Amino acid sequence: MKKTGILLAALLSVSGFSQDYKTKIAKNTCECFTKAKAENPDAKALEIKLGLCIIQGAQPYAAELKRDYNLDILQDNSSQTGKLVATWLLKECPDTFIELFKLGENGKNKGSRHSELLINGTVTKIEKNSFVVFHLAGDNKILTKLYWVFPVESNRDLPNEYSTLLHKKVNVSYYPGEIFDAGINDYRKVNIISVLKTD
């Protein structure tokens with residue numbers, strides 16, 4: 001009876017460990033990245049360090065990643081590991097996730113961010129999920145979805161007042177970017193708001 005109890009306890013412990021490895025990878029990556037940022041805030045250096053942090057955080061759980069995701073962190077494309085870990089970072093340390101997202105945006109959208117687009121129209125719908133998404137009917141009646149990902153320049157107190165913008169006329173500056181969508185387990189192109197003002 002004693003042996004059965006010990007075996008059951010061991011099995012529960014292993015089960016709990018295997019279910020918790022994603023949290024541990026995310027936390028290890030967050031801690032590594034935070035430390036790296038304090039030592040050297042240079043964006044290029046951080047982008048390189050980010051990859052190393054993800055690999056270092058994931059290496060102790062290589063067997064679990066291979067078993068659950070068929071991902072060999074030593075052989076497969078490291079971007080696949082990065083995309084997977086990004087979904088866990090959003091839950092465990094959203095501030096770090098935003099920092100990582102900014103690094104990606106700086107690398108991928110250097111040109112596009114400088115050529116921002118403008119749109120004037122009426123807010124027809126406001127989605128509230130991982131990000132706030134404004135559906136805007138432009139003056140030409142074309143519907144555009146605009147994502148609030150980073151701090152937005154505005155003449156309103158957006159964190160407290162954004163829900164009051166429904167059916168209001170707004171002027172928006174935005175640029176094309178990418179966010180990681182856990183639903184499809186891949187990056188998705190979106191319009192990211194940089195400026196939102198009311199008349």
# chains A, B, ... in the order shown; residues from 1 in each chain; ligands from 1

$ residues_around --residues "Leu166 (chain A)" --least-positions-apart "5" --cutoff "7 Å" --atoms "only C-alpha atoms" --output "VMD selection string"
chain A and resid 123 to 126

$ select_by_dssp --residues "region 54-188 of chain A" --states "alpha helix (DSSP H)" --output "PyMOL selection string"
chain A and resi 54-58+62-69+78-92+94-108+110-114+158-161

$ closest_residue --among "A:Val132, A:Leu158, A:Ala58, A:Leu196" --to "Lys27 (chain A)" --atoms "only C-alpha atoms"
A:Ala58

$ closest_residue --among "A:Trp148, A:Tyr21, A:Trp88, A:Phe33" --to "Tyr61 (chain A)" --atoms "only C-alpha atoms"
A:Tyr21

$ closest_residue --among "A:Asn191, A:Asn160, A:Phe180, A:Pro151" --to "Phe134 (chain A)" --atoms "only C-alpha atoms"
A:Asn191

$ closest_residue --among "A:Ile73, A:Leu65, A:Glu92, A:Lys169" --to "Leu52 (chain A)" --atoms "only C-alpha atoms"
A:Ile73

$ atom_distance --atom1 "CA of Val149 (chain A)" --atom2 "CA of Glu127 (chain A)"
12.8 Å

$ closest_residue --among "A:Ala26, A:Leu118, A:Ala137, A:Ile142" --to "Val172 (chain A)" --atoms "only C-alpha atoms"
A:Leu118

$ atom_distance --atom1 "CA of Asp139 (chain A)" --atom2 "CA of Ile192 (chain A)"
19.4 Å

$ residues_around --residues "Val190 (chain A)" --least-positions-apart "3" --cutoff "6 Å" --atoms "only C-alpha atoms" --output "MDAnalysis selection string"
chainID A and resid 176:178

$ residues_around --residues "Thr29 (chain A)" --least-positions-apart "3" --cutoff "10 Å" --atoms "only C-alpha atoms" --output "number ranges by chain"
A: 23-26, 32-35, 50-58, 85-86, 89, 93, 96

$ write_last_selection --atoms "all heavy atoms" --output "compact mmCIF listing (two decimals), in the first residue's frame"
# COMPACT_ATOMS: atom_id res chain seq x y z
N THR A 23 5.21 27.40 -18.36
CA THR A 23 5.32 28.54 -17.45
C THR A 23 6.78 28.79 -17.08
O THR A 23 7.24 29.93 -17.05
CB THR A 23 4.51 28.28 -16.16
OG1 THR A 23 3.15 28.05 -16.52
CG2 THR A 23 4.59 29.45 -15.21
N LYS A 24 7.51 27.69 -16.83
CA LYS A 24 8.92 27.83 -16.43
C LYS A 24 9.76 28.40 -17.58
O LYS A 24 10.63 29.24 -17.36
CB LYS A 24 9.46 26.48 -15.97
CG LYS A 24 8.88 26.06 -14.63
CD LYS A 24 9.42 24.74 -14.17
CE LYS A 24 8.82 24.37 -12.81
NZ LYS A 24 9.24 23.05 -12.35
N ILE A 25 9.51 27.93 -18.81
CA ILE A 25 10.24 28.46 -19.96
C ILE A 25 9.98 29.96 -20.10
O ILE A 25 10.89 30.76 -20.30
CB ILE A 25 9.83 27.73 -21.27
CG1 ILE A 25 10.35 26.29 -21.25
CG2 ILE A 25 10.37 28.47 -22.50
CD1 ILE A 25 9.87 25.44 -22.41
N ALA A 26 8.69 30.35 -19.99
CA ALA A 26 8.32 31.77 -20.11
C ALA A 26 8.99 32.60 -19.03
O ALA A 26 9.57 33.66 -19.30
CB ALA A 26 6.81 31.93 -20.05
N CYS A 32 15.73 36.33 -17.98
CA CYS A 32 16.95 36.47 -18.78
C CYS A 32 16.92 37.77 -19.58
O CYS A 32 17.89 38.52 -19.61
CB CYS A 32 17.09 35.26 -19.71
SG CYS A 32 18.46 35.35 -20.87
N PHE A 33 15.77 38.04 -20.22
CA PHE A 33 15.65 39.24 -21.05
C PHE A 33 15.72 40.51 -20.20
O PHE A 33 16.36 41.49 -20.57
CB PHE A 33 14.33 39.21 -21.84
CG PHE A 33 14.15 40.39 -22.74
CD1 PHE A 33 14.80 40.47 -23.95
CD2 PHE A 33 13.32 41.45 -22.38
CE1 PHE A 33 14.65 41.55 -24.79
CE2 PHE A 33 13.16 42.54 -23.20
CZ PHE A 33 13.82 42.60 -24.41
N THR A 34 15.05 40.50 -19.04
CA THR A 34 15.07 41.67 -18.14
C THR A 34 16.49 41.98 -17.68
O THR A 34 16.91 43.13 -17.65
CB THR A 34 14.16 41.41 -16.93
OG1 THR A 34 12.83 41.15 -17.40
CG2 THR A 34 14.12 42.61 -16.01
N LYS A 35 17.24 40.93 -17.36
CA LYS A 35 18.63 41.10 -16.93
C LYS A 35 19.48 41.64 -18.07
O LYS A 35 20.30 42.55 -17.88
CB LYS A 35 19.18 39.75 -16.45
CG LYS A 35 20.57 39.84 -15.86
CD LYS A 35 21.05 38.47 -15.39
CE LYS A 35 22.49 38.56 -14.92
NZ LYS A 35 23.05 37.24 -14.61
N LEU A 50 17.74 38.08 -27.05
CA LEU A 50 16.41 37.48 -26.95
C LEU A 50 16.42 36.03 -27.44
O LEU A 50 15.90 35.14 -26.78
CB LEU A 50 15.41 38.31 -27.77
CG LEU A 50 14.07 37.65 -28.06
CD1 LEU A 50 13.33 37.33 -26.77
CD2 LEU A 50 13.23 38.54 -28.96
N GLY A 51 17.01 35.81 -28.60
CA GLY A 51 17.09 34.45 -29.14
C GLY A 51 17.82 33.51 -28.19
O GLY A 51 17.40 32.38 -27.97
N LEU A 52 18.91 34.01 -27.62
CA LEU A 52 19.67 33.20 -26.67
C LEU A 52 18.85 32.90 -25.42
O LEU A 52 18.89 31.79 -24.88
CB LEU A 52 20.98 33.92 -26.29
CG LEU A 52 22.00 34.08 -27.43
CD1 LEU A 52 23.16 34.96 -26.98
CD2 LEU A 52 22.51 32.73 -27.89
N CYS A 53 18.12 33.90 -24.94
CA CYS A 53 17.28 33.72 -23.74
C CYS A 53 16.22 32.65 -23.97
O CYS A 53 15.96 31.82 -23.10
CB CYS A 53 16.61 35.04 -23.35
SG CYS A 53 17.72 36.24 -22.57
N ILE A 54 15.59 32.68 -25.15
CA ILE A 54 14.55 31.71 -25.47
C ILE A 54 15.14 30.30 -25.51
O ILE A 54 14.60 29.36 -24.92
CB ILE A 54 13.85 32.05 -26.80
CG1 ILE A 54 12.98 33.30 -26.62
CG2 ILE A 54 13.01 30.88 -27.30
CD1 ILE A 54 12.37 33.83 -27.89
N ILE A 55 16.29 30.15 -26.18
CA ILE A 55 16.93 28.83 -26.28
C ILE A 55 17.37 28.34 -24.91
O ILE A 55 17.13 27.19 -24.54
CB ILE A 55 18.13 28.87 -27.26
CG1 ILE A 55 17.66 29.18 -28.68
CG2 ILE A 55 18.89 27.56 -27.23
CD1 ILE A 55 16.68 28.19 -29.27
N GLN A 56 17.99 29.23 -24.11
CA GLN A 56 18.44 28.85 -22.77
C GLN A 56 17.26 28.44 -21.89
O GLN A 56 17.34 27.48 -21.12
CB GLN A 56 19.19 30.01 -22.11
CG GLN A 56 20.59 30.21 -22.66
CD GLN A 56 21.25 31.49 -22.15
OE1 GLN A 56 20.73 32.16 -21.26
NE2 GLN A 56 22.38 31.82 -22.73
N GLY A 57 16.15 29.18 -22.01
CA GLY A 57 14.97 28.86 -21.21
C GLY A 57 14.32 27.55 -21.62
O GLY A 57 13.76 26.82 -20.81
N ALA A 58 14.41 27.23 -22.93
CA ALA A 58 13.73 26.05 -23.46
C ALA A 58 14.58 24.78 -23.37
O ALA A 58 14.02 23.68 -23.29
CB ALA A 58 13.34 26.29 -24.92
N VAL A 85 7.11 30.25 -27.78
CA VAL A 85 7.36 30.84 -26.46
C VAL A 85 6.64 32.18 -26.32
O VAL A 85 6.19 32.54 -25.24
CB VAL A 85 8.88 30.99 -26.21
CG1 VAL A 85 9.16 31.78 -24.93
CG2 VAL A 85 9.55 29.62 -26.13
N ALA A 86 6.50 32.92 -27.42
CA ALA A 86 5.83 34.23 -27.37
C ALA A 86 4.41 34.12 -26.81
O ALA A 86 3.95 34.98 -26.06
CB ALA A 86 5.80 34.87 -28.76
N LEU A 89 4.74 33.91 -23.10
CA LEU A 89 5.21 35.17 -22.51
C LEU A 89 4.04 36.14 -22.30
O LEU A 89 3.99 36.86 -21.31
CB LEU A 89 6.26 35.84 -23.40
CG LEU A 89 7.60 35.15 -23.54
CD1 LEU A 89 8.48 35.92 -24.51
CD2 LEU A 89 8.29 35.00 -22.21
N CYS A 93 4.31 37.24 -18.56
CA CYS A 93 4.93 38.56 -18.35
C CYS A 93 4.61 39.44 -19.55
O CYS A 93 5.42 39.60 -20.45
CB CYS A 93 6.43 38.43 -18.14
SG CYS A 93 7.26 37.33 -19.32
N THR A 96 7.09 42.18 -20.77
CA THR A 96 8.24 41.68 -21.53
C THR A 96 7.80 41.33 -22.95
O THR A 96 8.52 41.60 -23.91
CB THR A 96 8.85 40.44 -20.84
OG1 THR A 96 9.26 40.80 -19.52
CG2 THR A 96 10.05 39.92 -21.61

$ closest_residue --among "A:Phe150, A:Lys168, A:Ile48, A:Asn185" --to "His135 (chain A)" --atoms "only C-alpha atoms"
A:Lys168

$ atom_distance --atom1 "CA of Lys141 (chain A)" --atom2 "CA of Ile119 (chain A)"
11.2 Å

$ select_by_dssp --residues "region 136-177 of chain A" --states "strand (DSSP E or B)" --output "list of chain:residue names"
A:Leu136, A:Ala137, A:Gly138, A:Leu143, A:Thr144, A:Lys145, A:Leu146, A:Tyr147, A:Trp148, A:Glu153, A:Ser154, A:Lys169, A:Val170, A:Asn171, A:Val172, A:Ser173, A:Tyr174, A:Tyr175, A:Pro176, A:Gly177
